[in-house]
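Student: To start, I am sharing the structure in question, which I have written as structure tokens.
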Amino acid sequence: MSVPASQNSAQLTGERNPKGGNSTATLWESFDPLAGKKLEIVGPHGEIINPKWFPQVDDERLIHAYKIMLLARTSDLRAVSLQRQGRLYTLPPNIGQEACAVGSAMAIERTDWLVQAYRELGAQLMHGVPLDRWYLLCAGSEAGNVFPDGMRVLPQSVPIASQCLHAAGIAHAIKYKGGSEVAIVYFGDGATSEGDFHEAMNWAAVFSCPVIFFCNNNQYAISYPRTSQTKSKTIAQKAIAYGMPGIQVDGNDLFAVYRATSDAVAWARAGNGPVLIEAETYRMGAHTTSDDPTKYRDKTEEEVWKPRDPIARVKQYLQSKKLWNDKQEAAWRTECEQQIEAAVRVVEHHQASSPEEIMTHVYKDLCPELREQLADLKQFLAWKEGK
Ligand SMILES: Cc1ncc(C[n+]2csc(CCOP(=O)(O)OP(=O)(O)O)c2C)c(N)n1
């Protein structure tokens, strides 16, 4: 189903750039976040609004990206419905952030490292992760964090921003070993208020590590709005303090996300060090299925973002170029349903994890404190079951 990035004919039409390239100005020089510049390429109706920076992407690859966005969306909606039926546990919906996930993962190769937070279903699928892994994790199984051999994907990270350090470490190792791979790490706007984010940015910049810091600025950290948690006008500008390029992009525009990430990957691969990308987007759903966004945000705000749906935008672009039609849409939606059914069947036939696995999956030998905690847990579960 997936098309490797290397098959991508993406010859960038706009000014090109990584150091040593043939260009006049880098993307980041042209889109200085301190000057209020943001990269936008395709508008809300699929119209090209900034042809200069339009990435020339192979049609097949673009259609593939659209299909993955749709698969991520339908899988997400289905998972929320299954959670409401008690068939999956608490999960963080991805809806609204598909362009961020798919557009960025589209820019990396299979040999590169994907270091995710917990809202990157589209990136996982784009990188070739089987759909059932995501459902398995939502069903509480650690098997969801075990990827096919050789796949360079880290487990989902729930401790906020900790994965930024993992990515910086991986990128440092790549550099030390003289490799040409890059690592891309995802995190939210809230994560930029954590120490781990700052330590990782500093380390990566000082040692010129090939890592792309990708911030999904979806406007909220649970109920806390982006505007209340940092005094910086943009998140992208935080890069400047660390001595690396930073760029703000329209995160609901697949083309802008892809263009910025492609340039960042080329920049990092060429040995120039890290880049920070801030993708401005909106979490259309709840923070998790345990959350109620009506308690802290206005319905009118959600209405403002609705017409900016990242999937509708790509669809309109494809249709305007006669690359996609209603018949193909209906056929792909049926295919999505079949893939989801198959993944759900895997989950429902999977043996449930034991409580011990919470600890034994992580540690080879348990220390006395953990042994004690495990004994307490078992005692509690036995009491709960009335034994
Ligand atoms: C170190 C840490 N502190 C607190 C939490 C509780 N927590 C879970 S999600 C979340 C908000 C994260 O917001 P953001 O980084 O913007 O990502 P988003 O969920 O919006 O994608 C918090 C505080 C946590 N998981 N880890």
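Residues in the structure tokens are numbered from 1 in each chain, the chains being A, B, ... in the order shown, and ligands are numbered from 1 in the order shown.
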So which residues touch segment 85-87 of chain A within 12 Å, counting only C-alpha atoms, skipping near sequence neighbours fewer than 6 positions away, as number ranges by chain?
Tutor: A: 78-79, 135-136, 138-140, 289, 344-345, 347-348
Student: Would you mind listing the residues within 7 Å of ligand 1, counting only C-alpha atoms and all ligand atoms, as a list in words?
Tutor: Arg119, Val158, Pro159, Ile160, Ala161, Phe187, Gly188, Asp189, Gly190, Ala191, Asn216, Asn217, Asn218, Tyr220, Ala221, Ile222 and His287 of chain A
Student: Save out the residues we just selected, N, CA, C and O atoms, as a compact mmCIF listing (two decimals), in the first residue's frame.
Tutor:
# COMPACT_ATOMS: atom_id res chain seq x y z
N ARG A 119 -0.36 11.15 18.84
CA ARG A 119 -1.43 11.57 17.93
C ARG A 119 -0.94 11.46 16.48
O ARG A 119 -1.31 12.26 15.64
N VAL A 158 3.89 8.87 26.04
CA VAL A 158 2.86 9.59 26.78
C VAL A 158 3.46 10.64 27.74
O VAL A 158 2.89 11.71 27.89
N PRO A 159 4.64 10.36 28.35
CA PRO A 159 5.24 11.44 29.15
C PRO A 159 5.60 12.60 28.21
O PRO A 159 6.39 12.44 27.28
N ILE A 160 4.99 13.73 28.43
CA ILE A 160 5.11 14.84 27.49
C ILE A 160 6.55 15.31 27.32
O ILE A 160 7.25 15.59 28.29
N ALA A 161 6.98 15.38 26.07
CA ALA A 161 8.29 15.91 25.62
C ALA A 161 9.48 14.97 25.84
O ALA A 161 10.57 15.25 25.33
N PHE A 187 5.58 16.41 18.79
CA PHE A 187 5.14 16.79 20.15
C PHE A 187 4.11 17.91 19.99
O PHE A 187 3.98 18.50 18.89
N GLY A 188 3.41 18.23 21.06
CA GLY A 188 2.39 19.27 20.99
C GLY A 188 2.91 20.61 21.46
O GLY A 188 4.05 20.73 21.93
N ASP A 189 2.07 21.61 21.38
CA ASP A 189 2.45 22.95 21.85
C ASP A 189 2.73 22.93 23.35
O ASP A 189 3.64 23.62 23.84
N GLY A 190 1.96 22.13 24.09
CA GLY A 190 2.18 22.04 25.54
C GLY A 190 3.56 21.50 25.87
O GLY A 190 4.18 21.91 26.87
N ALA A 191 4.07 20.63 25.03
CA ALA A 191 5.39 20.02 25.28
C ALA A 191 6.50 21.05 25.25
O ALA A 191 7.55 20.85 25.87
N ASN A 216 3.12 19.90 16.72
CA ASN A 216 1.71 19.97 16.34
C ASN A 216 1.08 21.02 17.26
O ASN A 216 0.70 20.70 18.39
N ASN A 217 1.04 22.25 16.81
CA ASN A 217 0.40 23.27 17.64
C ASN A 217 -1.10 23.20 17.37
O ASN A 217 -1.63 23.85 16.48
N ASN A 218 -1.77 22.37 18.20
CA ASN A 218 -3.22 22.17 17.99
C ASN A 218 -4.03 23.06 18.92
O ASN A 218 -5.20 22.82 19.17
N TYR A 220 -4.24 23.62 22.10
CA TYR A 220 -4.55 23.28 23.50
C TYR A 220 -3.62 22.20 24.05
O TYR A 220 -3.23 21.29 23.30
N ALA A 221 -3.30 22.31 25.32
CA ALA A 221 -2.68 21.20 26.06
C ALA A 221 -3.77 20.76 27.04
O ALA A 221 -3.99 21.42 28.06
N ILE A 222 -4.48 19.74 26.71
CA ILE A 222 -5.76 19.37 27.34
C ILE A 222 -6.66 20.61 27.33
O ILE A 222 -7.06 21.04 26.26
N HIS A 287 -9.38 15.98 23.76
CA HIS A 287 -7.97 15.65 24.04
C HIS A 287 -7.80 14.13 24.08
O HIS A 287 -6.94 13.56 23.42
Student: Considering only helix (DSSP H, G or I) as DSSP defines it on the backbone, what residues of segment 173-374 of chain A qualify? List them as a ChimeraX atom specification.
Tutor: /A:173-176,190-193,195-206,226-229,238-242,254-269,293-295,299-308,310-320,326-348,357-360,368-374
Student: Once you count only C-alpha atoms, what closest atom pair and distance in Å to one decimal does each residue of segment 52-150 of chain A within 12 Å of segment 24-38 of chain A have, with rows by chain and rising residue number, as CSV?
Tutor:
residue,atom,partner,partner_atom,distance
A:Lys52,CA,A:Leu27,CA,11.0
A:Trp53,CA,A:Leu27,CA,8.6
A:Phe54,CA,A:Leu27,CA,11.8
Student: Please provide as JSON, numbers by chain all residues within 7 Å of segment 61-76 of chain A, with the sequence filter that same-chain residues fewer than 2 positions apart are discarded (counting only C-alpha atoms).
Tutor: {"A": [3, 8, 57, 58, 59, 78, 79, 80, 93, 94, 95, 98, 102, 121, 122, 125, 126, 311, 314, 336, 340]}
Student: Find the residue from A:Ala105, A:Ala260, A:Ser354, A:Tyr224 that sits nearest to Arg297 of chain A; use only C-alpha atoms when measuring.
Tutor: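 Counting only C-alpha atoms, the residue closest to Arg297 of chain A is A:Tyr224.
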Student: Which value, in Å to one decimal, gives the distance between atom CA of Phe207 of chain A and atom CA of Lys175 of chain A?
Tutor: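 The value is 8.8 Å.
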Student: Could you check the closest approach to Val346 of chain A for each of A:Ala239, A:Leu131, A:Ile49, A:Ala270 and tell me which residue wins, using only C-alpha atoms?
Tutor: A:Leu131
Student: List as a count of residues only the protein and nucleic acid residues near Ile358 of chain A, meaning an atom at most 10 Å away when only C-alpha atoms are counted, but skip any in the same chain fewer than 5 places from it.
Tutor: 6
Student: According to DSSP computed on the backbone, where in segment 208-384 of chain A is there strand (DSSP E)? Give the residues as a ChimeraX atom specification.
Tutor: /A:211-217,220-221,224-225,246-250,275-280
Student: Could you tell me which of A:Arg259, A:Pro225, A:Glu181, A:Leu165 comes closest to Trp203 of chain A if we count only C-alpha atoms?
Tutor: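 Using only C-alpha atoms, the shortest distance to Trp203 of chain A belongs to A:Leu165.
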Student: Residues within 12 Å of Val182 of chain A, please, as a tab-separated table (two decimals) with all heavy atoms, in the first residue's frame. Count only C-alpha atoms; anything in the same chain fewer than 4 positions from it doesn't count.
Tutor:
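Writing the result to result13.tsv gives the following:
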chain	number	residue	atom	x	y	z
A	105	ALA	N	5.50	12.86	7.49
A	105	ALA	CA	6.07	11.51	7.32
A	105	ALA	C	6.33	11.20	5.85
A	105	ALA	O	7.17	10.37	5.51
A	105	ALA	CB	5.13	10.46	7.93
A	107	ALA	N	7.80	13.04	3.93
A	107	ALA	CA	9.10	13.64	3.57
A	107	ALA	C	10.29	12.82	4.04
A	107	ALA	O	11.44	13.19	3.76
A	107	ALA	CB	9.18	15.05	4.15
A	108	ILE	N	10.03	11.75	4.78
A	108	ILE	CA	11.17	10.96	5.27
A	108	ILE	C	11.23	9.60	4.56
A	108	ILE	O	10.25	9.15	3.97
A	108	ILE	CB	11.15	10.76	6.82
A	108	ILE	CG1	9.90	9.99	7.26
A	108	ILE	CG2	11.29	12.09	7.53
A	108	ILE	CD1	9.96	9.48	8.70
A	109	GLU	N	12.39	8.98	4.65
A	109	GLU	CA	12.60	7.66	4.04
A	109	GLU	C	12.34	6.58	5.09
A	109	GLU	O	12.37	6.86	6.30
A	109	GLU	CB	14.06	7.53	3.57
A	109	GLU	CG	14.48	8.56	2.54
A	109	GLU	CD	13.98	8.25	1.14
A	109	GLU	OE1	13.55	7.11	0.89
A	109	GLU	OE2	14.01	9.16	0.31
A	110	ARG	N	12.17	5.35	4.63
A	110	ARG	CA	11.97	4.24	5.56
A	110	ARG	C	13.17	4.04	6.49
A	110	ARG	O	13.05	3.53	7.60
A	110	ARG	CB	11.73	2.94	4.80
A	110	ARG	CG	10.35	2.81	4.23
A	110	ARG	CD	9.33	2.70	5.36
A	110	ARG	NE	7.99	2.94	4.86
A	110	ARG	CZ	7.28	2.04	4.21
A	110	ARG	NH1	7.75	0.83	4.01
A	110	ARG	NH2	6.08	2.33	3.77
A	111	THR	N	14.34	4.46	6.04
A	111	THR	CA	15.55	4.29	6.85
A	111	THR	C	15.66	5.38	7.93
A	111	THR	O	16.53	5.32	8.79
A	111	THR	CB	16.79	4.32	5.96
A	111	THR	OG1	16.61	5.37	4.99
A	111	THR	CG2	17.01	3.00	5.24
A	112	ASP	N	14.80	6.39	7.85
A	112	ASP	CA	14.82	7.45	8.87
A	112	ASP	C	14.01	7.01	10.10
A	112	ASP	O	13.24	6.06	10.03
A	112	ASP	CB	14.24	8.75	8.27
A	112	ASP	CG	15.13	9.31	7.17
A	112	ASP	OD1	16.36	9.19	7.28
A	112	ASP	OD2	14.58	9.86	6.19
A	113	TRP	N	14.18	7.76	11.17
A	113	TRP	CA	13.55	7.39	12.44
A	113	TRP	C	12.32	8.24	12.74
A	113	TRP	O	12.40	9.47	12.70
A	113	TRP	CB	14.56	7.55	13.59
A	113	TRP	CG	15.65	6.53	13.55
A	113	TRP	CD1	16.80	6.60	12.82
A	113	TRP	CD2	15.69	5.29	14.26
A	113	TRP	NE1	17.55	5.47	13.03
A	113	TRP	CE2	16.90	4.66	13.92
A	113	TRP	CE3	14.82	4.67	15.17
A	113	TRP	CZ2	17.27	3.41	14.45
A	113	TRP	CZ3	15.19	3.43	15.69
A	113	TRP	CH2	16.39	2.82	15.32
A	114	LEU	N	11.24	7.55	13.09
A	114	LEU	CA	10.00	8.23	13.44
A	114	LEU	C	9.83	8.15	14.96
A	114	LEU	O	9.69	7.06	15.52
A	114	LEU	CB	8.85	7.51	12.75
A	114	LEU	CG	7.49	8.19	12.80
A	114	LEU	CD1	7.40	9.23	11.70
A	114	LEU	CD2	6.38	7.18	12.58
A	115	VAL	N	9.88	9.30	15.60
A	115	VAL	CA	9.78	9.32	17.06
A	115	VAL	C	8.47	10.05	17.41
A	115	VAL	O	8.37	11.27	17.29
A	115	VAL	CB	11.01	10.03	17.69
A	115	VAL	CG1	10.95	9.93	19.21
A	115	VAL	CG2	12.31	9.44	17.16
A	152	ARG	N	11.85	1.61	11.73
A	152	ARG	CA	12.45	2.56	12.67
A	152	ARG	C	11.40	3.51	13.25
A	152	ARG	O	11.32	4.68	12.88
A	152	ARG	CB	13.57	3.30	11.96
A	152	ARG	CG	14.71	2.35	11.67
A	152	ARG	CD	15.81	2.96	10.89
A	152	ARG	NE	17.01	2.14	11.02
A	152	ARG	CZ	18.15	2.39	10.41
A	152	ARG	NH1	18.27	3.45	9.64
A	152	ARG	NH2	19.19	1.59	10.59
A	167	ALA	N	14.89	11.44	20.50
A	167	ALA	CA	15.21	11.77	19.10
A	167	ALA	C	16.58	12.44	19.00
A	167	ALA	O	17.36	12.13	18.09
A	167	ALA	CB	14.13	12.69	18.52
A	168	ALA	N	16.86	13.33	19.94
A	168	ALA	CA	18.18	14.00	19.91
A	168	ALA	C	19.28	12.96	20.10
A	168	ALA	O	20.33	13.01	19.44
A	168	ALA	CB	18.25	15.07	21.00
A	169	GLY	N	19.03	12.00	20.98
A	169	GLY	CA	20.02	10.94	21.22
A	169	GLY	C	20.23	10.07	19.99
A	169	GLY	O	21.37	9.76	19.62
A	170	ILE	N	19.13	9.71	19.34
A	170	ILE	CA	19.22	8.89	18.12
A	170	ILE	C	20.01	9.67	17.06
A	170	ILE	O	20.91	9.14	16.40
A	170	ILE	CB	17.81	8.53	17.59
A	170	ILE	CG1	17.15	7.50	18.50
A	170	ILE	CG2	17.88	8.00	16.16
A	170	ILE	CD1	15.68	7.26	18.21
A	171	ALA	N	19.66	10.94	16.90
A	171	ALA	CA	20.31	11.75	15.86
A	171	ALA	C	21.80	11.94	16.17
A	171	ALA	O	22.65	11.95	15.27
A	171	ALA	CB	19.62	13.11	15.75
A	172	HIS	N	22.11	12.04	17.46
A	172	HIS	CA	23.52	12.17	17.85
A	172	HIS	C	24.28	10.89	17.48
A	172	HIS	O	25.40	10.93	16.96
A	172	HIS	CB	23.63	12.45	19.35
A	172	HIS	CG	24.96	12.98	19.77
A	172	HIS	ND1	25.34	13.09	21.08
A	172	HIS	CD2	25.99	13.43	19.05
A	172	HIS	CE1	26.58	13.58	21.14
A	172	HIS	NE2	26.99	13.80	19.91
A	173	ALA	N	23.63	9.76	17.71
A	173	ALA	CA	24.26	8.47	17.38
A	173	ALA	C	24.46	8.35	15.86
A	173	ALA	O	25.49	7.86	15.39
A	173	ALA	CB	23.40	7.32	17.89
A	174	ILE	N	23.46	8.81	15.09
A	174	ILE	CA	23.58	8.75	13.62
A	174	ILE	C	24.81	9.55	13.20
A	174	ILE	O	25.63	9.11	12.39
A	174	ILE	CB	22.30	9.35	12.94
A	174	ILE	CG1	21.09	8.45	13.17
A	174	ILE	CG2	22.54	9.57	11.45
A	174	ILE	CD1	19.75	9.07	12.78
A	175	LYS	N	24.94	10.73	13.79
A	175	LYS	CA	26.05	11.60	13.41
A	175	LYS	C	27.39	10.96	13.81
A	175	LYS	O	28.35	10.94	13.04
A	175	LYS	CB	25.89	12.96	14.09
A	175	LYS	CG	26.90	13.92	13.55
A	175	LYS	CD	26.65	15.34	13.88
A	175	LYS	CE	27.77	16.13	13.23
A	175	LYS	NZ	28.14	17.27	13.99
A	178	GLY	N	28.41	8.40	11.49
A	178	GLY	CA	28.61	8.88	10.12
A	178	GLY	C	27.47	8.50	9.18
A	178	GLY	O	27.67	8.41	7.97
A	204	ALA	N	20.71	19.12	20.48
A	204	ALA	CA	20.70	18.87	19.03
A	204	ALA	C	21.39	20.00	18.28
A	204	ALA	O	22.11	19.76	17.31
A	204	ALA	CB	19.26	18.71	18.55
A	208	SER	N	24.86	19.70	16.30
A	208	SER	CA	24.40	19.62	14.90
A	208	SER	C	23.78	18.26	14.57
A	208	SER	O	24.14	17.62	13.58
A	208	SER	CB	25.55	19.88	13.93
A	208	SER	OG	25.75	21.23	13.79
A	209	CYS	N	22.88	17.82	15.40
A	209	CYS	CA	22.27	16.49	15.21
A	209	CYS	C	21.19	16.56	14.11
A	209	CYS	O	20.42	17.52	14.06
A	209	CYS	CB	21.63	16.00	16.50
A	209	CYS	SG	22.80	15.89	17.85
A	210	PRO	N	21.12	15.53	13.25
A	210	PRO	CA	20.13	15.55	12.18
A	210	PRO	C	18.73	15.17	12.68
A	210	PRO	O	18.26	14.05	12.51
A	210	PRO	CB	20.66	14.50	11.20
A	210	PRO	CG	21.45	13.55	12.05
A	210	PRO	CD	22.00	14.35	13.20
A	211	VAL	N	18.08	16.14	13.33
A	211	VAL	CA	16.74	15.87	13.87
A	211	VAL	C	15.79	17.00	13.50
A	211	VAL	O	16.17	18.16	13.50
A	211	VAL	CB	16.81	15.63	15.41
A	211	VAL	CG1	17.50	16.74	16.13
A	211	VAL	CG2	15.44	15.40	16.02
A	212	ILE	N	14.56	16.60	13.16
A	212	ILE	CA	13.53	17.60	12.86
A	212	ILE	C	12.55	17.59	14.02
A	212	ILE	O	11.94	16.56	14.32
A	212	ILE	CB	12.80	17.27	11.52
A	212	ILE	CG1	13.75	17.52	10.34
A	212	ILE	CG2	11.59	18.17	11.31
A	212	ILE	CD1	14.39	16.34	9.83
A	213	PHE	N	12.44	18.73	14.68
A	213	PHE	CA	11.49	18.88	15.78
A	213	PHE	C	10.17	19.34	15.17
A	213	PHE	O	10.10	20.43	14.60
A	213	PHE	CB	12.01	19.91	16.78
A	213	PHE	CG	13.22	19.46	17.55
A	213	PHE	CD1	14.51	19.76	17.11
A	213	PHE	CD2	13.08	18.71	18.70
A	213	PHE	CE1	15.63	19.33	17.82
A	213	PHE	CE2	14.19	18.27	19.42
A	213	PHE	CZ	15.47	18.58	18.97
A	261	THR	N	8.87	20.15	5.68
A	261	THR	CA	9.58	18.98	6.22
A	261	THR	C	10.62	18.47	5.22
A	261	THR	O	11.72	18.07	5.62
A	261	THR	CB	8.60	17.85	6.62
A	261	THR	OG1	7.47	18.42	7.27
A	261	THR	CG2	9.25	16.86	7.56
A	262	SER	N	10.30	18.49	3.93
A	262	SER	CA	11.28	18.05	2.92
A	262	SER	C	12.54	18.91	2.99
A	262	SER	O	13.66	18.38	2.95
A	262	SER	CB	10.73	18.22	1.50
A	262	SER	OG	9.67	17.39	1.31
A	264	ALA	N	13.55	20.64	5.54
A	264	ALA	CA	14.21	20.39	6.83
A	264	ALA	C	15.01	19.09	6.78
A	264	ALA	O	16.15	19.01	7.28
A	264	ALA	CB	13.18	20.34	7.95
A	265	VAL	N	14.43	18.07	6.15
A	265	VAL	CA	15.12	16.78	6.05
A	265	VAL	C	16.39	16.95	5.22
A	265	VAL	O	17.48	16.48	5.60
A	265	VAL	CB	14.19	15.71	5.42
A	265	VAL	CG1	14.96	14.47	5.00
A	265	VAL	CG2	13.09	15.32	6.41
A	266	ALA	N	16.29	17.66	4.09
A	266	ALA	CA	17.46	17.86	3.23
A	266	ALA	C	18.54	18.65	3.98
A	266	ALA	O	19.73	18.34	3.90
A	266	ALA	CB	17.04	18.59	1.97
A	267	TRP	N	18.10	19.62	4.73
A	267	TRP	CA	19.01	20.46	5.54
A	267	TRP	C	19.75	19.61	6.58
A	267	TRP	O	20.97	19.68	6.71
A	267	TRP	CB	18.17	21.54	6.22
A	267	TRP	CG	18.84	22.43	7.21
A	267	TRP	CD1	18.95	22.22	8.56
A	267	TRP	CD2	19.47	23.69	6.95
A	267	TRP	NE1	19.60	23.27	9.15
A	267	TRP	CE2	19.94	24.19	8.18
A	267	TRP	CE3	19.68	24.44	5.80
A	267	TRP	CZ2	20.60	25.41	8.29
A	267	TRP	CZ3	20.35	25.66	5.91
A	267	TRP	CH2	20.81	26.13	7.14
A	268	ALA	N	18.99	18.80	7.30
A	268	ALA	CA	19.58	17.97	8.36
A	268	ALA	C	20.47	16.88	7.76
A	268	ALA	O	21.57	16.61	8.26
A	268	ALA	CB	18.48	17.34	9.20
A	269	ARG	N	20.02	16.29	6.67
A	269	ARG	CA	20.80	15.22	6.03
A	269	ARG	C	22.13	15.74	5.49
A	269	ARG	O	23.13	15.03	5.46
A	269	ARG	CB	19.99	14.63	4.86
A	269	ARG	CG	19.85	13.12	4.94
A	269	ARG	CD	19.31	12.53	3.68
A	269	ARG	NE	17.89	12.26	3.63
A	269	ARG	CZ	17.24	11.43	4.43
A	269	ARG	NH1	17.88	10.76	5.36
A	269	ARG	NH2	15.95	11.25	4.30
A	270	ALA	N	22.12	17.01	5.08
A	270	ALA	CA	23.34	17.60	4.53
A	270	ALA	C	24.33	18.01	5.63
A	270	ALA	O	25.39	18.56	5.33
A	270	ALA	CB	22.98	18.81	3.66
A	271	GLY	N	23.97	17.75	6.88
A	271	GLY	CA	24.91	18.00	7.98
A	271	GLY	C	24.78	19.37	8.61
A	271	GLY	O	25.65	19.80	9.37
A	272	ASN	N	23.64	20.06	8.34
A	272	ASN	CA	23.49	21.41	8.90
A	272	ASN	C	22.84	21.46	10.27
A	272	ASN	O	22.65	22.53	10.83
A	272	ASN	CB	22.65	22.25	7.93
A	272	ASN	CG	23.29	22.35	6.57
A	272	ASN	OD1	24.47	22.71	6.47
A	272	ASN	ND2	22.56	22.00	5.53
A	273	GLY	N	22.43	20.30	10.78
A	273	GLY	CA	21.84	20.26	12.12
A	273	GLY	C	20.32	20.30	12.10
A	273	GLY	O	19.69	20.10	11.06
A	274	PRO	N	19.73	20.58	13.28
A	274	PRO	CA	18.27	20.44	13.44
A	274	PRO	C	17.47	21.63	12.89
A	274	PRO	O	18.02	22.69	12.62
A	274	PRO	CB	18.11	20.37	14.96
A	274	PRO	CG	19.29	21.12	15.50
A	274	PRO	CD	20.42	20.95	14.53
A	275	VAL	N	16.16	21.39	12.78
A	275	VAL	CA	15.20	22.43	12.38
A	275	VAL	C	13.96	22.25	13.27
A	275	VAL	O	13.61	21.12	13.61
A	275	VAL	CB	14.77	22.25	10.90
A	275	VAL	CG1	13.71	23.28	10.51
A	275	VAL	CG2	15.95	22.33	9.94
Student: I'd like the interatomic distance between atom CA of Arg84 of chain A and atom CA of Ser290 of chain A, to a tenth of an Å.
Tutor: 10.2 Å
Student: With distances taken over only C-alpha atoms, which of A:Pro55, A:Pro310, A:Pro355, A:Cys164 is nearest to Gln379 of chain A?
Tutor: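 Answer, going by the shortest atom-to-atom distance: A:Pro355.
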Student: Go ahead and compute the interatomic distance for atom CA of Val185 of chain A and atom CA of His361 of chain A, in Å to one decimal.
Tutor: 23.6 Å
